[in-house]
Amino acid sequence: MLNIKNLTKSYGEKKAVDDLSLEIKNGEIYGFIGHNGAGKTTTIKSVVGILDFDEGTITIDNTDIKDNPIECKRKIAYIPDNPDLYDYMSGIKYLNFVCDIYGISAQDRAERIRKYADLFELTQDLAQPISAYSHGMKQKLAIISAWVHEPKLIIMDEPFVGLDPKAAHILKQMMRELCDNGGAIFFSTHVLEVAEKLCDKVAIIKAGKLIKSGTMDEVKGDASLESVFLELEEVDA
């Protein structure tokens, strides 16, 4: 579904991402782990077509992001670490705006919006302007907008930040359901316990370089993901 090959992105003399290669297959929840400044967000923004990159290729469902950016973006949804929504819109207008972009029919959008808004207990707030939403409510709205057009691949940067425990549990269920139905998830997180329980595969990045990746069992063995991550962070520190 997502193939990142030899991705390199520099800012001046600094390589934010250095020859990174990853493959995320259909059905996989793939976690992306690293400290602040390791290159996670740069990688994610390159994948979704926000950032240009210096070397390498990124393909989504066998389509190159540089050659066919619009076709790629039709197949994905992206939730940034700090959702930048249109504050002047109401929640429902924003969701309808997203549905318009993706050509979702009136019947389908009504059913999907109702389903996810009810799940996140946001239905009664959809008529309110987004400017009145708390951070957690904005995060829920961003999640709904990502799922509402049924993308094949969802890419998220720290999606659990700002969510209450119930909403976080619902999001985990939604992620698993999407992948069980043939989709794929690629997301970064600092919540290592969540990654360990939720992810099928995980990649650890340090100073722009991939230092370990594979299935959760391959990466952590008999240890915890947290202990493995901290140990790898100490290497060459």
# chains A, B, ... in the order shown; residues from 1 in each chain; ligands from 1
>>> residues_around(residues="Thr8 in chain A", least_positions_apart="6", cutoff="7 Å", atoms="only C-alpha atoms", output="short mmCIF file (atom, residue, chain, number, x, y, z; two decimals) with N, CA, C and O atoms, in the first residue's frame")
data_model
loop_
_atom_site.label_atom_id
_atom_site.label_comp_id
_atom_site.auth_asym_id
_atom_site.auth_seq_id
_atom_site.Cartn_x
_atom_site.Cartn_y
_atom_site.Cartn_z
N VAL A 17 15.83 13.37 7.15
CA VAL A 17 15.56 11.96 6.86
C VAL A 17 16.68 11.47 5.95
O VAL A 17 17.00 12.12 4.95
N ASP A 18 17.27 10.34 6.31
CA ASP A 18 18.50 9.89 5.66
C ASP A 18 18.35 8.47 5.12
O ASP A 18 18.45 7.49 5.87
N ASP A 19 18.04 8.35 3.82
CA ASP A 19 18.00 7.06 3.13
C ASP A 19 17.05 6.08 3.81
O ASP A 19 17.38 4.92 4.07
N LEU A 20 15.84 6.53 4.06
CA LEU A 20 14.84 5.74 4.78
C LEU A 20 14.02 4.89 3.81
O LEU A 20 13.50 5.39 2.81
N PHE A 53 10.93 16.26 -1.41
CA PHE A 53 12.10 15.59 -0.84
C PHE A 53 13.20 15.50 -1.88
O PHE A 53 12.97 15.67 -3.08
N ASP A 54 14.41 15.27 -1.40
CA ASP A 54 15.60 15.39 -2.25
C ASP A 54 15.88 14.14 -3.07
O ASP A 54 16.23 14.22 -4.24
N GLU A 55 15.75 12.99 -2.43
CA GLU A 55 16.06 11.72 -3.09
C GLU A 55 15.06 10.65 -2.66
O GLU A 55 14.40 10.77 -1.63
N GLY A 56 14.97 9.60 -3.49
CA GLY A 56 14.11 8.48 -3.16
C GLY A 56 12.77 8.55 -3.85
O GLY A 56 12.48 9.49 -4.62
#
>>> residues_around(residues="Ser90 in chain A", least_positions_apart="4", cutoff="6 Å", atoms="only C-alpha atoms", output="list in words")
Ala127, Gln128, Pro129 and Ile130 of chain A
>>> residues_around(residues="Ala168 in chain A", least_positions_apart="2", cutoff="12 Å", atoms="only C-alpha atoms", output="VMD selection string")
chain A and resid 119 to 120 136 139 to 140 143 158 to 166 170 to 175 191 194 198
>>> write_last_selection(atoms="N, CA, C and O atoms", output="short mmCIF file (atom, residue, chain, number, x, y, z; two decimals), in the first residue's frame")
data_model
loop_
_atom_site.label_atom_id
_atom_site.label_comp_id
_atom_site.auth_asym_id
_atom_site.auth_seq_id
_atom_site.Cartn_x
_atom_site.Cartn_y
_atom_site.Cartn_z
N LEU A 119 -20.32 8.05 17.63
CA LEU A 119 -19.27 7.29 18.32
C LEU A 119 -18.45 8.19 19.23
O LEU A 119 -18.15 7.83 20.37
N PHE A 120 -18.10 9.37 18.72
CA PHE A 120 -17.26 10.29 19.48
C PHE A 120 -18.07 11.30 20.30
O PHE A 120 -17.48 12.24 20.86
N GLY A 136 -9.41 18.57 22.12
CA GLY A 136 -9.89 17.20 21.97
C GLY A 136 -11.02 17.08 20.97
O GLY A 136 -11.08 16.13 20.18
N GLN A 139 -9.64 17.33 17.55
CA GLN A 139 -8.99 16.07 17.18
C GLN A 139 -10.03 15.04 16.74
O GLN A 139 -9.83 14.33 15.75
N LYS A 140 -11.13 14.98 17.44
CA LYS A 140 -12.21 14.07 17.06
C LYS A 140 -12.77 14.42 15.68
O LYS A 140 -13.03 13.54 14.85
N ILE A 143 -10.43 13.30 13.01
CA ILE A 143 -10.51 11.84 12.83
C ILE A 143 -11.73 11.49 11.99
O ILE A 143 -11.64 10.68 11.05
N GLU A 158 0.92 11.53 15.71
CA GLU A 158 0.52 11.63 17.12
C GLU A 158 -1.00 11.76 17.28
O GLU A 158 -1.51 12.72 17.87
N PRO A 159 -1.76 10.78 16.80
CA PRO A 159 -3.22 10.92 16.79
C PRO A 159 -3.90 10.86 18.15
O PRO A 159 -5.04 11.29 18.29
N PHE A 160 -3.21 10.33 19.18
CA PHE A 160 -3.86 10.16 20.48
C PHE A 160 -3.71 11.37 21.40
O PHE A 160 -4.32 11.42 22.46
N VAL A 161 -2.89 12.33 20.98
CA VAL A 161 -2.70 13.54 21.80
C VAL A 161 -4.01 14.31 21.88
O VAL A 161 -4.64 14.62 20.87
N GLY A 162 -4.44 14.59 23.11
CA GLY A 162 -5.65 15.39 23.31
C GLY A 162 -6.93 14.58 23.42
O GLY A 162 -7.98 15.13 23.74
N LEU A 163 -6.85 13.26 23.15
CA LEU A 163 -8.05 12.43 23.24
C LEU A 163 -8.23 11.90 24.65
O LEU A 163 -7.26 11.48 25.30
N ASP A 164 -9.47 11.89 25.12
CA ASP A 164 -9.76 11.27 26.41
C ASP A 164 -9.69 9.75 26.25
O ASP A 164 -9.68 9.23 25.12
N PRO A 165 -9.62 9.00 27.35
CA PRO A 165 -9.45 7.54 27.25
C PRO A 165 -10.52 6.84 26.41
O PRO A 165 -10.20 5.92 25.65
N LYS A 166 -11.78 7.29 26.51
CA LYS A 166 -12.84 6.65 25.73
C LYS A 166 -12.64 6.89 24.24
O LYS A 166 -12.76 5.96 23.43
N ILE A 170 -11.92 4.20 21.17
CA ILE A 170 -12.72 4.15 19.94
C ILE A 170 -11.81 4.25 18.72
O ILE A 170 -11.98 3.50 17.75
N LEU A 171 -10.83 5.16 18.76
CA LEU A 171 -9.91 5.30 17.63
C LEU A 171 -9.13 4.01 17.39
O LEU A 171 -8.97 3.60 16.23
N LYS A 172 -8.68 3.36 18.43
CA LYS A 172 -7.95 2.09 18.27
C LYS A 172 -8.84 1.06 17.58
O LYS A 172 -8.38 0.33 16.70
N GLN A 173 -10.11 0.99 17.98
CA GLN A 173 -11.04 0.05 17.35
C GLN A 173 -11.24 0.38 15.87
O GLN A 173 -11.28 -0.52 15.02
N MET A 174 -11.36 1.67 15.56
CA MET A 174 -11.54 2.10 14.18
C MET A 174 -10.31 1.76 13.33
O MET A 174 -10.44 1.34 12.17
N MET A 175 -9.14 1.94 13.90
CA MET A 175 -7.90 1.62 13.19
C MET A 175 -7.84 0.13 12.87
O MET A 175 -7.51 -0.27 11.74
N VAL A 191 3.43 7.32 22.55
CA VAL A 191 2.80 6.46 23.55
C VAL A 191 3.17 5.02 23.22
O VAL A 191 2.47 4.32 22.49
N VAL A 194 0.76 2.03 23.83
CA VAL A 194 -0.29 1.92 22.82
C VAL A 194 0.26 1.26 21.56
O VAL A 194 -0.35 0.34 21.01
N LEU A 198 -1.07 -2.22 19.90
CA LEU A 198 -1.91 -1.98 18.72
C LEU A 198 -1.25 -2.35 17.39
O LEU A 198 -1.93 -2.83 16.48
#
>>> atom_distance(atom1="CA of Pro151 in chain A", atom2="CA of Ala167 in chain A")
20.4 Å
>>> select_by_dssp(residues="range 1-138 of chain A", states="strand (DSSP E)", output="PyMOL selection string")
chain A and resi 2-11+14-24+29-33+55-60+63-64+76-79
>>> write_last_selection(atoms="N, CA and C atoms", output="mmCIF file, in the first residue's frame")
data_model
loop_
_atom_site.group_PDB
_atom_site.id
_atom_site.type_symbol
_atom_site.label_atom_id
_atom_site.label_comp_id
_atom_site.auth_asym_id
_atom_site.auth_seq_id
_atom_site.Cartn_x
_atom_site.Cartn_y
_atom_site.Cartn_z
ATOM 1 N N LEU A 2 1.825 1.325 0.929
ATOM 2 C CA LEU A 2 2.749 2.466 0.996
ATOM 3 C C LEU A 2 4.171 1.945 0.922
ATOM 4 N N ASN A 3 4.926 2.468 -0.049
ATOM 5 C CA ASN A 3 6.316 2.056 -0.205
ATOM 6 C C ASN A 3 7.209 3.292 -0.206
ATOM 7 N N ILE A 4 8.047 3.377 0.802
ATOM 8 C CA ILE A 4 9.024 4.465 0.923
ATOM 9 C C ILE A 4 10.394 3.867 0.632
ATOM 10 N N LYS A 5 11.072 4.395 -0.381
ATOM 11 C CA LYS A 5 12.348 3.808 -0.784
ATOM 12 C C LYS A 5 13.434 4.870 -0.854
ATOM 13 N N ASN A 6 14.450 4.708 -0.011
ATOM 14 C CA ASN A 6 15.636 5.576 -0.004
ATOM 15 C C ASN A 6 15.283 7.058 0.127
ATOM 16 N N LEU A 7 14.304 7.349 0.981
ATOM 17 C CA LEU A 7 13.855 8.731 1.168
ATOM 18 C C LEU A 7 14.923 9.554 1.884
ATOM 19 N N THR A 8 15.273 10.682 1.292
ATOM 20 C CA THR A 8 16.229 11.605 1.890
ATOM 21 C C THR A 8 15.685 13.028 1.771
ATOM 22 N N LYS A 9 15.700 13.741 2.900
ATOM 23 C CA LYS A 9 15.251 15.131 2.923
ATOM 24 C C LYS A 9 16.195 15.921 3.815
ATOM 25 N N SER A 10 16.779 16.987 3.261
ATOM 26 C CA SER A 10 17.723 17.811 4.008
ATOM 27 C C SER A 10 17.203 19.223 4.176
ATOM 28 N N TYR A 11 17.598 19.836 5.294
ATOM 29 C CA TYR A 11 17.396 21.262 5.526
ATOM 30 C C TYR A 11 18.781 21.869 5.677
ATOM 31 N N LYS A 14 21.760 19.764 7.288
ATOM 32 C CA LYS A 14 21.205 18.720 8.154
ATOM 33 C C LYS A 14 20.270 17.797 7.379
ATOM 34 N N LYS A 15 20.516 16.496 7.474
ATOM 35 C CA LYS A 15 19.622 15.503 6.875
ATOM 36 C C LYS A 15 18.544 15.138 7.888
ATOM 37 N N ALA A 16 17.340 15.623 7.642
ATOM 38 C CA ALA A 16 16.233 15.321 8.542
ATOM 39 C C ALA A 16 15.786 13.876 8.388
ATOM 40 N N VAL A 17 15.835 13.371 7.146
ATOM 41 C CA VAL A 17 15.563 11.963 6.857
ATOM 42 C C VAL A 17 16.679 11.474 5.950
ATOM 43 N N ASP A 18 17.270 10.343 6.314
ATOM 44 C CA ASP A 18 18.497 9.893 5.660
ATOM 45 C C ASP A 18 18.351 8.467 5.125
ATOM 46 N N ASP A 19 18.038 8.352 3.820
ATOM 47 C CA ASP A 19 18.002 7.061 3.125
ATOM 48 C C ASP A 19 17.049 6.077 3.808
ATOM 49 N N LEU A 20 15.837 6.535 4.063
ATOM 50 C CA LEU A 20 14.835 5.737 4.779
ATOM 51 C C LEU A 20 14.016 4.887 3.809
ATOM 52 N N SER A 21 13.867 3.609 4.128
ATOM 53 C CA SER A 21 13.035 2.704 3.329
ATOM 54 C C SER A 21 12.097 1.934 4.250
ATOM 55 N N LEU A 22 10.799 1.967 3.916
ATOM 56 C CA LEU A 22 9.778 1.245 4.672
ATOM 57 C C LEU A 22 8.695 0.770 3.712
ATOM 58 N N GLU A 23 8.049 -0.326 4.077
ATOM 59 C CA GLU A 23 6.894 -0.796 3.301
ATOM 60 C C GLU A 23 5.754 -1.121 4.247
ATOM 61 N N ILE A 24 4.606 -0.492 4.006
ATOM 62 C CA ILE A 24 3.407 -0.727 4.801
ATOM 63 C C ILE A 24 2.405 -1.436 3.899
ATOM 64 N N ILE A 29 -1.292 -2.186 10.723
ATOM 65 C CA ILE A 29 -1.137 -0.967 11.514
ATOM 66 C C ILE A 29 0.351 -0.840 11.796
ATOM 67 N N TYR A 30 0.957 0.202 11.255
ATOM 68 C CA TYR A 30 2.413 0.349 11.299
ATOM 69 C C TYR A 30 2.765 1.574 12.146
ATOM 70 N N GLY A 31 3.456 1.346 13.260
ATOM 71 C CA GLY A 31 3.852 2.427 14.143
ATOM 72 C C GLY A 31 5.214 2.985 13.789
ATOM 73 N N PHE A 32 5.368 4.290 13.977
ATOM 74 C CA PHE A 32 6.598 5.001 13.626
ATOM 75 C C PHE A 32 7.076 5.719 14.883
ATOM 76 N N ILE A 33 8.214 5.286 15.411
ATOM 77 C CA ILE A 33 8.657 5.705 16.734
ATOM 78 C C ILE A 33 9.980 6.469 16.630
ATOM 79 N N GLU A 55 15.748 12.986 -2.427
ATOM 80 C CA GLU A 55 16.058 11.718 -3.087
ATOM 81 C C GLU A 55 15.059 10.653 -2.663
ATOM 82 N N GLY A 56 14.974 9.602 -3.486
ATOM 83 C CA GLY A 56 14.110 8.478 -3.162
ATOM 84 C C GLY A 56 12.766 8.554 -3.853
ATOM 85 N N THR A 57 11.933 7.567 -3.567
ATOM 86 C CA THR A 57 10.584 7.500 -4.136
ATOM 87 C C THR A 57 9.588 7.127 -3.044
ATOM 88 N N ILE A 58 8.367 7.611 -3.227
ATOM 89 C CA ILE A 58 7.249 7.236 -2.366
ATOM 90 C C ILE A 58 6.086 6.863 -3.272
ATOM 91 N N THR A 59 5.582 5.656 -3.114
ATOM 92 C CA THR A 59 4.424 5.226 -3.896
ATOM 93 C C THR A 59 3.299 4.811 -2.952
ATOM 94 N N ILE A 60 2.091 5.158 -3.348
ATOM 95 C CA ILE A 60 0.886 4.800 -2.607
ATOM 96 C C ILE A 60 0.005 3.986 -3.539
ATOM 97 N N THR A 63 1.239 4.050 -6.980
ATOM 98 C CA THR A 63 1.225 5.340 -7.667
ATOM 99 C C THR A 63 2.259 6.256 -7.028
ATOM 100 N N ASP A 64 3.102 6.881 -7.842
ATOM 101 C CA ASP A 64 4.173 7.737 -7.340
ATOM 102 C C ASP A 64 3.615 9.090 -6.884
ATOM 103 N N ILE A 76 -5.828 8.540 0.273
ATOM 104 C CA ILE A 76 -5.335 8.634 1.643
ATOM 105 C C ILE A 76 -6.107 9.660 2.458
ATOM 106 N N ALA A 77 -5.905 9.588 3.764
ATOM 107 C CA ALA A 77 -6.320 10.649 4.672
ATOM 108 C C ALA A 77 -5.131 10.941 5.577
ATOM 109 N N TYR A 78 -5.021 12.203 5.988
ATOM 110 C CA TYR A 78 -3.886 12.629 6.803
ATOM 111 C C TYR A 78 -4.382 13.426 7.996
ATOM 112 N N ILE A 79 -3.933 13.033 9.178
ATOM 113 C CA ILE A 79 -4.240 13.778 10.395
ATOM 114 C C ILE A 79 -2.918 14.273 10.977
#
>>> residues_around(residues="range 95-99 of chain A", least_positions_apart="6", cutoff="7 Å", atoms="only C-alpha atoms", output="mmCIF file with N, CA and C atoms, in the first residue's frame")
data_model
loop_
_atom_site.group_PDB
_atom_site.id
_atom_site.type_symbol
_atom_site.label_atom_id
_atom_site.label_comp_id
_atom_site.auth_asym_id
_atom_site.auth_seq_id
_atom_site.Cartn_x
_atom_site.Cartn_y
_atom_site.Cartn_z
ATOM 1 N N ARG A 109 -22.620 10.298 2.927
ATOM 2 C CA ARG A 109 -22.015 11.211 3.902
ATOM 3 C C ARG A 109 -22.885 11.357 5.141
ATOM 4 N N SER A 145 -13.249 13.363 9.839
ATOM 5 C CA SER A 145 -13.026 13.818 8.460
ATOM 6 C C SER A 145 -12.091 12.883 7.705
ATOM 7 N N HIS A 149 -14.472 9.519 4.182
ATOM 8 C CA HIS A 149 -14.421 9.190 2.745
ATOM 9 C C HIS A 149 -13.821 7.807 2.472
#
>>> closest_residue(among="A:Tyr88, A:Tyr116, A:Trp147, A:Tyr94", to="Lys75 in chain A", atoms="only C-alpha atoms")
A:Trp147
